[in-house]
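Here is the file my_file_22.txt (compact mmCIF, C-alpha atoms).
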```txt
# COMPACT_ATOMS: atom_id res chain seq x y z
CA MET A 1 20.42 -13.79 -19.08
CA GLU A 2 16.79 -14.75 -19.55
CA ILE A 3 14.91 -15.17 -22.78
CA GLN A 4 11.12 -15.07 -22.93
CA THR A 5 9.15 -15.69 -26.06
CA LYS A 6 5.59 -14.82 -26.95
CA LYS A 7 3.86 -15.70 -30.17
CA GLU A 8 1.84 -12.88 -31.66
CA SER A 9 -0.35 -13.27 -34.72
CA ASN A 10 2.35 -12.18 -37.17
CA ALA A 11 5.63 -12.69 -35.31
CA THR A 12 7.36 -14.14 -32.28
CA VAL A 13 8.42 -11.54 -29.72
CA VAL A 14 11.67 -12.44 -27.97
CA THR A 15 12.46 -10.50 -24.78
CA ILE A 16 16.06 -10.65 -23.59
CA THR A 17 16.91 -9.67 -20.02
CA GLY A 18 20.35 -9.07 -18.58
CA ARG A 19 23.59 -9.40 -20.54
CA LEU A 20 24.32 -10.62 -24.05
CA ASP A 21 28.03 -11.39 -23.78
CA ALA A 22 30.53 -14.11 -24.66
CA VAL A 23 29.02 -16.41 -22.02
CA THR A 24 25.32 -15.90 -22.76
CA ALA A 25 25.39 -15.29 -26.52
CA PRO A 26 25.44 -19.02 -27.39
CA GLU A 27 22.19 -19.49 -25.44
CA TYR A 28 20.48 -16.78 -27.47
CA GLU A 29 21.71 -18.32 -30.71
CA LYS A 30 20.54 -21.76 -29.65
CA LYS A 31 17.10 -20.48 -28.70
CA LEU A 32 16.62 -18.53 -31.93
CA ASN A 33 17.80 -21.48 -34.01
CA GLU A 34 15.31 -23.74 -32.23
CA LEU A 35 12.52 -21.29 -32.97
CA ILE A 36 13.60 -20.98 -36.61
CA ASP A 37 13.80 -24.77 -36.95
CA ASP A 38 10.23 -24.78 -35.64
CA GLU A 39 9.10 -22.69 -38.60
CA ASN A 40 9.05 -19.27 -36.90
CA ILE A 41 10.50 -16.78 -39.33
CA CYS A 42 9.28 -13.38 -38.16
CA PHE A 43 10.73 -11.98 -34.96
CA VAL A 44 10.72 -8.86 -32.86
CA VAL A 45 13.51 -8.79 -30.30
CA ASP A 46 12.75 -6.54 -27.34
CA PHE A 47 15.88 -4.97 -25.83
CA ALA A 48 14.13 -3.00 -23.09
CA GLU A 49 15.56 -5.18 -20.31
CA LEU A 50 19.00 -5.73 -21.81
CA ASP A 51 21.72 -4.05 -19.73
CA TYR A 52 24.81 -4.96 -21.68
CA ILE A 53 25.97 -6.19 -25.06
CA SER A 54 29.42 -6.97 -26.43
CA SER A 55 30.72 -8.07 -29.82
CA ALA A 56 29.86 -11.67 -28.93
CA GLY A 57 26.24 -10.55 -28.59
CA LEU A 58 26.27 -8.61 -31.84
CA ARG A 59 27.84 -11.57 -33.58
CA VAL A 60 24.93 -13.89 -32.74
CA LEU A 61 22.39 -11.20 -33.59
CA LEU A 62 24.01 -10.93 -37.00
CA ALA A 63 24.29 -14.70 -37.50
CA THR A 64 20.62 -15.31 -36.69
CA ALA A 65 19.52 -12.35 -38.80
CA LYS A 66 21.49 -13.67 -41.76
CA ARG A 67 19.92 -17.09 -41.31
CA LEU A 68 16.45 -15.55 -41.26
CA LYS A 69 17.10 -13.43 -44.30
CA GLY A 70 18.16 -16.56 -46.15
CA LYS A 71 14.77 -18.07 -45.30
CA GLY A 72 12.84 -14.99 -46.40
CA GLY A 73 12.09 -14.08 -42.79
CA GLN A 74 12.21 -10.78 -40.92
CA ILE A 75 13.70 -9.63 -37.64
CA ARG A 76 13.24 -6.21 -36.04
CA PHE A 77 14.73 -4.83 -32.83
CA ALA A 78 12.69 -2.77 -30.41
CA ASN A 79 13.74 -0.57 -27.46
CA VAL A 80 17.42 -0.44 -28.34
CA LYS A 81 18.63 2.52 -26.29
CA GLY A 82 21.29 3.96 -24.02
CA THR A 83 24.67 2.31 -23.83
CA VAL A 84 23.42 -0.76 -25.72
CA LYS A 85 22.50 1.53 -28.62
CA GLU A 86 25.94 3.11 -28.47
CA VAL A 87 27.52 -0.31 -29.00
CA PHE A 88 25.25 -0.89 -32.01
CA ASP A 89 26.22 2.48 -33.46
CA ILE A 90 29.98 2.04 -33.00
CA SER A 91 29.84 -1.30 -34.76
CA GLY A 92 27.83 0.02 -37.70
CA PHE A 93 25.11 -2.47 -36.79
CA GLY A 94 22.77 0.40 -35.94
CA SER A 95 22.18 0.96 -39.64
CA ILE A 96 21.95 -2.62 -40.85
CA PHE A 97 19.24 -3.82 -38.51
CA GLN A 98 15.62 -2.70 -38.56
CA MET A 99 15.02 -0.82 -35.31
CA ASP A 100 11.79 0.45 -33.81
CA ASP A 101 10.95 2.45 -30.72
CA THR A 102 8.43 -0.06 -29.41
CA VAL A 103 7.41 -3.67 -29.86
CA ALA A 104 4.04 -2.48 -31.16
CA ASP A 105 5.71 -0.41 -33.88
CA ALA A 106 7.86 -3.37 -34.88
CA LEU A 107 4.88 -5.72 -35.09
CA ALA A 108 3.04 -3.17 -37.23
CA LYS A 109 5.99 -2.92 -39.62
CA ILE A 110 6.14 -6.67 -40.00
CA GLY A 111 2.58 -6.57 -41.20
CA MET B 112 44.19 -10.28 -10.61
CA LYS B 113 45.01 -13.46 -12.45
CA CYS B 114 42.67 -16.11 -13.68
CA ALA B 115 42.58 -19.00 -16.11
CA ALA B 116 41.97 -17.70 -19.60
CA SER B 117 38.62 -19.34 -20.03
CA VAL B 118 35.41 -17.56 -21.01
CA GLY B 119 33.63 -18.99 -17.98
CA ASN B 120 35.77 -16.64 -15.87
CA LEU B 121 34.38 -13.53 -17.53
CA PHE B 122 32.30 -12.77 -14.44
CA LEU B 123 35.48 -12.65 -12.30
CA VAL B 124 37.06 -10.22 -14.69
CA THR B 125 33.91 -8.08 -14.82
CA GLU B 126 33.63 -7.96 -11.01
CA PHE B 127 37.28 -6.98 -10.60
CA VAL B 128 37.22 -4.27 -13.25
CA GLU B 129 33.89 -2.86 -12.09
CA GLU B 130 35.11 -2.60 -8.54
CA CYS B 131 38.27 -0.77 -9.66
CA ALA B 132 36.27 1.58 -11.86
CA ASP B 133 33.85 2.37 -9.04
CA ARG B 134 36.73 3.18 -6.69
CA PHE B 135 38.14 5.53 -9.32
CA GLY B 136 34.71 7.06 -9.78
CA LEU B 137 34.36 6.40 -13.50
CA GLU B 138 30.86 7.37 -14.51
CA THR B 139 28.33 4.87 -15.84
CA LYS B 140 28.65 5.52 -19.55
CA ARG B 141 32.47 5.33 -19.59
CA LYS B 142 32.33 2.33 -17.28
CA PHE B 143 30.07 0.50 -19.72
CA GLY B 144 32.60 1.14 -22.49
CA LEU B 145 35.38 -0.07 -20.21
CA LEU B 146 33.54 -3.32 -19.43
CA VAL B 147 32.91 -4.06 -23.10
CA ALA B 148 36.54 -3.29 -24.03
CA VAL B 149 37.80 -5.55 -21.25
CA GLU B 150 35.48 -8.38 -22.26
CA GLU B 151 36.74 -8.13 -25.83
CA ALA B 152 40.39 -8.22 -24.73
CA PHE B 153 39.81 -11.06 -22.28
CA VAL B 154 37.83 -13.17 -24.75
CA ASN B 155 40.56 -12.65 -27.38
CA ILE B 156 43.08 -14.06 -24.91
CA CYS B 157 40.77 -17.00 -24.16
CA SER B 158 40.29 -17.71 -27.84
CA TYR B 159 43.76 -17.17 -29.25
CA ALA B 160 46.60 -16.75 -26.74
CA TYR B 161 47.01 -20.39 -25.76
CA PRO B 162 46.14 -22.61 -28.72
CA ASP B 163 47.73 -25.74 -27.33
CA ARG B 164 47.74 -25.32 -23.56
CA GLU B 165 45.97 -23.72 -20.63
CA GLY B 166 47.09 -20.25 -19.72
CA GLU B 167 46.22 -17.25 -17.64
CA ALA B 168 45.13 -13.70 -18.11
CA GLU B 169 46.48 -11.00 -15.79
CA LEU B 170 44.67 -7.75 -15.16
CA SER B 171 45.68 -4.66 -13.26
CA CYS B 172 44.10 -1.29 -12.70
CA ALA B 173 45.83 1.98 -11.95
CA VAL B 174 45.41 5.70 -12.12
CA GLY B 175 47.55 7.46 -14.72
CA GLY B 176 47.29 11.23 -14.57
CA ASP B 177 43.58 11.89 -14.85
CA ALA B 178 42.82 8.58 -16.52
CA PHE B 179 41.72 5.19 -15.32
CA VAL B 180 44.23 2.68 -16.69
CA LEU B 181 43.55 -0.98 -17.25
CA GLU B 182 46.21 -3.44 -18.37
CA ILE B 183 45.49 -6.97 -19.48
CA ALA B 184 48.24 -9.44 -20.30
CA ASP B 185 48.82 -12.98 -21.48
CA ARG B 186 51.88 -15.17 -21.81
CA GLY B 187 51.14 -16.46 -25.28
CA ALA B 188 53.27 -16.12 -28.40
CA PRO B 189 54.09 -12.50 -29.31
CA PHE B 190 51.03 -10.99 -30.92
CA ASP B 191 49.93 -7.40 -31.27
CA VAL B 192 46.15 -7.52 -31.37
CA LEU B 193 46.10 -3.87 -32.46
CA SER B 194 47.72 -4.82 -35.75
CA LEU B 195 44.46 -6.41 -36.85
CA PRO B 196 42.46 -4.33 -39.33
CA ASP B 197 39.10 -2.84 -38.38
CA PRO B 198 36.06 -4.44 -39.94
CA ASP B 199 34.26 -2.49 -42.67
CA THR B 200 31.35 -1.07 -40.73
CA THR B 201 29.63 0.28 -43.83
CA LEU B 202 28.74 -3.11 -45.27
CA GLY B 203 25.15 -4.35 -45.37
CA ILE B 204 23.74 -7.26 -43.44
CA MET B 205 24.62 -10.06 -45.83
CA GLU B 206 28.11 -8.73 -46.56
CA ARG B 207 29.15 -8.10 -42.96
CA GLU B 208 31.63 -10.59 -41.64
CA ILE B 209 30.77 -12.29 -38.39
CA GLY B 210 34.10 -11.53 -36.70
CA GLY B 211 36.49 -8.61 -36.28
CA LEU B 212 34.52 -6.41 -33.94
CA GLY B 213 36.35 -7.02 -30.67
CA VAL B 214 39.45 -5.01 -31.49
CA HIS B 215 37.30 -2.30 -33.07
CA PHE B 216 35.44 -1.90 -29.78
CA ILE B 217 38.63 -1.80 -27.77
CA ARG B 218 39.84 1.07 -29.96
CA SER B 219 36.54 2.92 -30.10
CA LEU B 220 35.54 2.66 -26.46
CA SER B 221 38.85 3.60 -24.85
CA ASP B 222 40.56 6.99 -24.96
CA SER B 223 43.85 5.39 -25.84
CA VAL B 224 45.13 1.87 -26.25
CA SER B 225 48.64 0.54 -26.75
CA TYR B 226 50.40 -2.78 -27.00
CA ARG B 227 53.79 -3.79 -25.70
CA ARG B 228 55.72 -7.02 -25.36
CA GLU B 229 57.32 -7.21 -21.92
CA ASP B 230 58.86 -10.03 -19.88
CA GLY B 231 57.43 -12.72 -22.16
CA ARG B 232 53.93 -11.23 -22.03
CA ASN B 233 51.67 -9.44 -24.48
CA VAL B 234 50.37 -6.40 -22.58
CA LEU B 235 47.45 -4.32 -23.75
CA ARG B 236 47.04 -0.99 -21.98
CA MET B 237 43.75 0.92 -22.17
CA GLU B 238 43.04 4.36 -20.78
CA PHE B 239 39.66 5.81 -19.93
CA ARG B 240 39.29 9.47 -19.16
CA PRO B 241 36.25 10.74 -17.29
CA ALA B 242 33.94 12.90 -19.39
CA GLU B 243 34.66 16.60 -18.99
CA LYS B 244 32.31 18.38 -16.67
CA GLY B 245 29.59 20.25 -18.46
CA LEU B 246 29.59 18.03 -21.53
CA SER B 247 27.24 15.08 -22.01
```
Take the structure from the file and write it as structure tokens.
Amino acid sequence: MEIQTKKESNATVVTITGRLDAVTAPEYEKKLNELIDDENICFVVDFAELDYISSAGLRVLLATAKRLKGKGGQIRFANVKGTVKEVFDISGFGSIFQMDDTVADALAKIG
Amino acid sequence: MKCAASVGNLFLVTEFVEECADRFGLETKRKFGLLVAVEEAFVNICSYAYPDREGEAELSCAVGGDAFVLEIADRGAPFDVLSLPDPDTTLGIMEREIGGLGVHFIRSLSDSVSYRREDGRNVLRMEFRPAEKGLS
């Protein structure tokens, strides 16, 4: 799994590539926590290049989102589709996260 | 196949299961569900089956009628993972518990799942039926 980050004017865009599973989920959590510790509190996570997600992945998405909410931050997910979206929907996570069709839409919503 | 029940071996499990599923001809969408369900079952074994020692997970694939059958087993203390309750998937972001999803996925992504205790092993059996032709 690769994580790329890009700072936009109103948020940090995090692009995840590959798999978010029991092995790679801790890396994502570590990276997000580092960014949050560094005073970034608005994020758009781009799922366009993510091939696979399991409950371990959802768990860290939830944990980091909770942490951000506690700090008054925001996190939105863009390009969640296909089988990854199915996993979100089965878990009920599809309705608790803010999802957008594109990164641009998400950045606009963050304002 | 058998391997040490350690999360670092997930890739071995994934490779094995994917190869079996491809030989059976399970289509992409069902295969994705299979891989998630297997990860959940394998990671549960890694996390809980052997609290005070090293242990192994055993996997086998078979064809049962028209279904692709995957069995995963451990030699830990008797425990029926299917007895765990499903998480409440209607809760909002701050109320949702961090855990509990693995078993929920195993149930939701497979066509049928059953547990048995056999020869000192906990065996979880999952079946995946190909989608019917003509339906998406």
Which residue of A:Leu58, A:Ile96, A:Ala11, A:Leu32 approaches Val147 (chain B) most closely, using only C-alpha atoms
A:Leu58
Quick one: residues within 12 Å of Phe143 (chain B), only C-alpha atoms, excluding same-chain residues fewer than 2 positions away - as a PyMOL selection string?
(chain A and resi 19+51-54+82-87) or (chain B and resi 125+128-129+132-133+137-141+145-150+216-217+220-221+239)
Work out how far apart CA of Ala56 (chain A) and CA of Arg164 (chain B) are and give it in Å to one decimal.
23.1 Å
Near-Cys131 (chain B) list (10 Å; only C-alpha atoms; drop same-chain fewer than 2 positions) as number ranges by chain:
B: 125-129, 133-137, 171-174, 179-181
Counting only C-alpha atoms, which residues from chain B have an atom at most 10 Å from any atom of chain A, and could you show them as a PyMOL selection string?
chain B and resi 118-122+139-141+143-144+146-151+154+198-216+219-220
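Among the candidates B:Met112, B:Asp191, B:Phe153, B:Gly176, the one nearest to Pro241 (chain B) when counting only C-alpha atoms is B:Gly176.
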Rounded to one decimal place, report the CA of Glu39 (chain A)-CA of Gln98 (chain A) distance in Å.
21.0 Å
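Between CA of Gln74 (chain A) and CA of Ile110 (chain A) the separation is 7.4 Å.
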Region 120-123 of chain B, all listed atoms, 6 Å padding on each side: what axis-aligned box centre and edge lengths in Å to one decimal come out, as lines of an AutoDock Vina configuration file?
```
center_x = 34.0
center_y = -14.6
center_z = -14.9
size_x = 15.5
size_y = 16.0
size_z = 17.2
```
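Using all atoms listed in the file, the shortest contact distance between Gly175 (chain B) and any of B:Glu229, B:Arg236, B:Lys113, B:Ala242 is found at B:Arg236.
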Selection as a ChimeraX atom specification: residues within 10 Å of (12.8, -15.0, -26.9), counting all atoms listed in the file:
/A:2-7,12-17,28,31-32,35,43-46
Nearest to Ile36 (chain A): which of A:Leu68, A:Met1, A:Ala78, A:Met99 is it, counting only C-alpha atoms?
A:Leu68
